[in-house]
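Coordinates as given in target_13.csv (CSV, C-alpha atoms):
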```csv
chain,number,residue,atom,x,y,z
G,11,MET,CA,-16.9,22.1,-13.4
G,12,THR,CA,-13.5,23.5,-13.7
G,13,SER,CA,-12.0,24.9,-10.6
G,14,ILE,CA,-9.6,27.9,-10.2
G,15,ALA,CA,-6.4,26.0,-10.6
G,16,GLY,CA,-3.2,27.5,-9.4
G,17,SER,CA,0.3,26.4,-10.0
G,18,GLN,CA,0.7,24.3,-6.9
G,19,ARG,CA,3.9,22.2,-7.2
G,20,GLU,CA,5.1,19.3,-5.2
G,21,GLU,CA,7.6,20.5,-2.5
G,22,PRO,CA,9.9,18.3,-0.6
G,23,LEU,CA,8.7,17.6,2.9
G,24,SER,CA,11.0,17.0,5.9
G,25,ASN,CA,10.9,13.4,7.2
G,26,SER,CA,9.1,14.6,10.4
G,27,VAL,CA,6.5,16.5,8.5
G,28,LYS,CA,6.0,13.6,6.1
G,29,ALA,CA,5.6,11.2,9.0
G,30,LEU,CA,3.1,13.4,10.8
G,31,MET,CA,1.0,13.9,7.6
G,32,GLN,CA,1.1,10.2,6.9
G,33,ARG,CA,-0.2,9.4,10.4
G,34,SER,CA,-3.0,11.9,9.9
G,35,ILE,CA,-4.0,10.4,6.6
G,36,SER,CA,-3.9,6.8,7.9
G,37,ASP,CA,-6.2,7.4,10.9
G,38,ARG,CA,-9.5,5.7,10.0
G,39,ALA,CA,-11.8,7.1,12.6
G,40,SER,CA,-15.5,7.5,11.7
G,41,PRO,CA,-16.7,11.0,11.2
G,42,LYS,CA,-18.9,12.4,14.0
G,43,LEU,CA,-20.1,15.8,15.1
G,44,VAL,CA,-18.3,17.1,18.1
G,45,PHE,CA,-20.2,20.0,19.8
G,46,ALA,CA,-20.7,21.1,23.4
G,47,THR,CA,-24.2,19.6,23.3
G,48,GLN,CA,-26.1,17.2,21.0
G,49,GLU,CA,-28.7,20.0,20.3
G,50,GLU,CA,-25.9,22.4,19.2
G,51,GLY,CA,-24.6,19.7,16.8
G,52,GLN,CA,-28.0,19.0,15.4
G,53,ALA,CA,-28.7,22.7,15.0
G,54,TRP,CA,-25.5,23.1,13.0
G,55,LEU,CA,-26.2,20.0,10.8
G,56,ASN,CA,-29.8,21.2,10.2
G,57,GLU,CA,-28.7,24.7,9.2
G,58,MET,CA,-25.8,23.6,7.0
G,59,SER,CA,-28.0,20.9,5.4
G,60,ARG,CA,-30.6,23.5,4.5
G,61,ARG,CA,-28.0,25.8,2.9
G,62,LEU,CA,-26.5,22.9,0.9
G,63,GLN,CA,-29.8,21.3,-0.2
G,64,LYS,CA,-29.8,22.7,-3.7
G,65,ARG,CA,-26.2,21.6,-4.4
G,66,ILE,CA,-26.5,18.1,-2.8
G,67,PRO,CA,-30.2,17.1,-3.0
G,68,ASP,CA,-29.9,13.6,-1.4
G,69,THR,CA,-30.5,14.2,2.3
G,70,SER,CA,-28.6,11.1,3.5
G,71,TYR,CA,-25.6,11.8,1.4
G,72,ARG,CA,-25.7,15.6,2.2
G,73,GLU,CA,-25.7,14.9,6.0
G,74,ASP,CA,-22.9,12.3,5.7
G,75,PHE,CA,-20.9,14.9,3.7
G,76,LEU,CA,-21.5,17.6,6.3
G,77,ARG,CA,-20.6,15.2,9.2
G,78,THR,CA,-17.4,14.3,7.4
G,79,VAL,CA,-16.5,17.9,6.6
G,80,HIS,CA,-17.1,18.9,10.2
G,81,TYR,CA,-15.1,15.9,11.6
G,82,GLU,CA,-12.1,16.3,9.3
G,83,ALA,CA,-11.9,20.1,9.6
G,84,THR,CA,-12.2,20.0,13.4
G,85,ARG,CA,-9.7,17.2,13.6
G,86,ALA,CA,-7.3,19.4,11.7
G,87,GLY,CA,-8.0,22.4,13.8
G,88,ILE,CA,-9.7,24.3,10.9
G,89,ASP,CA,-13.2,25.9,10.9
G,90,PRO,CA,-15.6,23.5,9.1
G,91,GLN,CA,-17.5,26.5,7.7
G,92,MET,CA,-14.3,27.8,6.1
G,93,VAL,CA,-13.7,24.3,4.6
G,94,LEU,CA,-17.3,24.5,3.1
G,95,GLY,CA,-16.3,27.9,1.5
G,96,LEU,CA,-13.1,26.3,0.1
G,97,ILE,CA,-15.1,23.4,-1.3
G,98,GLN,CA,-17.6,25.8,-2.9
G,99,VAL,CA,-14.7,27.6,-4.6
G,100,GLU,CA,-12.6,24.6,-5.5
G,101,SER,CA,-15.2,22.1,-6.8
G,102,GLY,CA,-18.7,23.6,-6.5
G,103,PHE,CA,-19.5,20.6,-4.3
G,104,LYS,CA,-18.8,18.2,-7.2
G,105,LYS,CA,-17.4,14.9,-6.0
G,106,TYR,CA,-15.8,14.1,-9.3
G,107,ALA,CA,-14.4,17.5,-10.2
G,108,VAL,CA,-11.0,17.5,-11.9
G,109,SER,CA,-9.1,20.7,-12.5
G,110,SER,CA,-7.1,21.6,-15.6
G,111,VAL,CA,-3.9,20.6,-13.6
G,112,GLY,CA,-5.3,17.3,-12.4
G,113,ALA,CA,-6.5,18.2,-8.9
G,114,ARG,CA,-9.4,15.9,-7.8
G,115,GLY,CA,-12.5,15.8,-5.8
G,116,PHE,CA,-14.3,18.1,-3.4
G,117,MET,CA,-11.2,19.7,-2.1
G,118,GLN,CA,-9.2,19.5,-5.4
G,119,VAL,CA,-6.3,17.5,-4.0
G,120,MET,CA,-3.3,17.1,-6.3
G,121,PRO,CA,-2.4,13.4,-7.0
G,122,PHE,CA,1.3,14.0,-6.0
G,123,TRP,CA,0.0,14.1,-2.3
G,124,VAL,CA,-0.9,10.4,-2.6
G,125,ARG,CA,2.6,9.6,-3.6
G,126,SER,CA,4.1,11.8,-0.9
G,127,ILE,CA,2.0,11.0,2.2
G,128,GLY,CA,-0.5,8.4,1.2
G,129,ALA,CA,-0.9,4.9,-0.2
G,130,ASN,CA,-1.2,3.7,-3.8
G,131,ASP,CA,-4.8,2.5,-3.2
G,132,HIS,CA,-6.0,5.9,-2.0
G,133,ASN,CA,-8.8,7.2,-4.3
G,134,LEU,CA,-9.0,11.0,-4.2
G,135,PHE,CA,-12.6,10.8,-5.3
G,136,HIS,CA,-13.6,9.0,-2.1
G,137,LEU,CA,-15.4,11.4,0.2
G,138,ARG,CA,-13.6,10.8,3.4
G,139,LEU,CA,-10.1,10.4,1.9
G,140,ASN,CA,-10.5,13.6,-0.2
G,141,LEU,CA,-11.6,15.6,2.9
G,142,ARG,CA,-8.9,14.0,5.1
G,143,TYR,CA,-6.2,14.9,2.6
G,144,GLY,CA,-7.5,18.4,1.9
G,145,CYS,CA,-7.8,19.3,5.6
G,146,THR,CA,-4.4,17.7,6.4
G,147,ILE,CA,-2.7,19.6,3.6
G,148,LEU,CA,-4.4,22.9,4.5
G,149,ARG,CA,-3.4,22.4,8.1
G,150,HIS,CA,0.2,21.9,6.9
G,151,TYR,CA,0.1,25.2,5.0
G,152,ILE,CA,-1.5,27.0,7.9
G,153,ASP,CA,1.4,25.8,10.1
G,154,ILE,CA,4.0,26.8,7.4
G,155,GLU,CA,2.4,30.3,7.3
G,156,ARG,CA,2.3,30.5,11.1
G,157,GLY,CA,-1.5,30.8,11.2
G,158,ASP,CA,-1.9,33.3,8.3
G,159,LEU,CA,-5.0,31.8,6.7
G,160,TYR,CA,-4.8,34.2,3.7
G,161,ARG,CA,-1.3,33.0,2.8
G,162,ALA,CA,-2.1,29.3,3.6
G,163,LEU,CA,-5.1,29.4,1.2
G,164,GLY,CA,-2.8,30.9,-1.5
G,165,ARG,CA,-0.4,28.0,-1.0
G,166,TYR,CA,-3.3,25.5,-1.0
G,167,ASN,CA,-4.3,26.7,-4.4
G,168,GLY,CA,-0.8,27.3,-5.8
G,169,SER,CA,-1.5,31.0,-6.0
G,170,LEU,CA,0.5,32.3,-3.1
G,171,GLY,CA,0.8,36.1,-3.2
G,172,LYS,CA,-2.3,36.6,-5.4
G,173,PRO,CA,-5.4,37.8,-3.7
G,174,GLN,CA,-8.1,36.3,-6.0
G,175,TYR,CA,-8.3,32.8,-4.5
G,176,PRO,CA,-8.1,33.6,-0.8
G,177,ASN,CA,-10.7,36.4,-1.3
G,178,LEU,CA,-13.0,34.0,-3.1
G,179,VAL,CA,-12.8,31.4,-0.3
G,180,LEU,CA,-13.1,33.9,2.5
G,181,GLY,CA,-16.0,35.5,0.7
G,182,ALA,CA,-17.9,32.2,0.2
G,183,TRP,CA,-17.3,31.4,3.8
G,184,ARG,CA,-18.7,34.7,5.1
G,185,LYS,CA,-21.6,34.9,2.6
G,186,ASN,CA,-22.8,31.3,2.5
G,187,TRP,CA,-21.5,29.3,5.5
G,188,ASP,CA,-21.1,31.7,8.4
G,189,TYR,CA,-23.0,30.3,11.3
G,190,ALA,CA,-22.1,30.8,15.0
G,191,PRO,CA,-24.5,29.7,17.7
G,192,LYS,CA,-23.7,30.9,21.3
G,193,ASN,CA,-20.4,29.7,22.8
G,194,TRP,CA,-19.1,28.1,19.6
G,195,ASP,CA,-15.3,28.2,19.4
G,196,TYR,CA,-15.2,28.0,15.6
G,197,ALA,CA,-17.0,31.3,14.9
G,198,PRO,CA,-15.3,33.1,12.0
G,199,LYS,CA,-13.1,36.0,13.2
G,200,ASN,CA,-12.5,39.2,11.2
G,201,ILE,CA,-9.7,38.2,8.9
```
How does this structure look as structure tokens?
Amino acid sequence: MTSIAGSQREEPLSNSVKALMQRSISDRASPKLVFATQEEGQAWLNEMSRRLQKRIPDTSYREDFLRTVHYEATRAGIDPQMVLGLIQVESGFKKYAVSSVGARGFMQVMPFWVRSIGANDHNLFHLRLNLRYGCTILRHYIDIERGDLYRALGRYNGSLGKPQYPNLVLGAWRKNWDYAPKNWDYAPKNI
């Protein structure tokens, strides 16, 4: 699977941003679902698992994947369902996807991020590390763009100012991953 590769380039990070991102990457907490109730969490997991079943047939791996997506996205303050849309566009849910410019894994993380904020032994094909990096990087771009998700997605893909990629991600999110039980704070808003 070849993803839609943009021209993302390594940009210098201030020492404070670099330190913050490094702390975020190095946190080794175990993924867990955090919902208002256990029933709400199970309902989300069941529904997302049903939707993802054809793409990731192994139930145990699929549920681990979904728990990790939910944990890492929520931890970064990002809607987990939007992250599922991004993964659908970036890698088609292929763990070992590599883009034409060398981005790796589910969230198509560029290797320069390991040099910039990670450690030499970080494997971007590792489920948790890939999602941790991807969500940390996307959060960084959302912050740079002052909450403008459309522009942040363009930065993430290296296609800032071009509508195709953000439209694909937002479309995949709305069409395939939109799910909002009552009283859930991460319900997609009109963007």
Review point. Just how far from atom CA of G:His132 is atom CA of G:Met117, in Å to one decimal?
Key: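 Result for atom CA of G:Met117 versus atom CA of G:His132: 14.7 Å, one decimal.
Among the candidate residues G:Glu49, G:Glu100, G:Asp188, G:Glu155, the one lying nearest to G:Asn167 is G:Glu100, with distances computed using all atoms listed in the file.
Shortest atom-to-atom contact with G:Tyr81 among G:Gly115, G:Trp123, G:Ser101, G:Arg142: G:Arg142, counting all atoms listed in the file.
Of the residues listed (G:Leu163, G:Leu139, G:Ala182, G:Ala190), G:Ala190 shows the shortest atom-to-atom separation from G:Ala53; distances use only C-alpha atoms.
Atom CA of G:Leu178 is positioned 8.3 Å from atom CA of G:Gly95.
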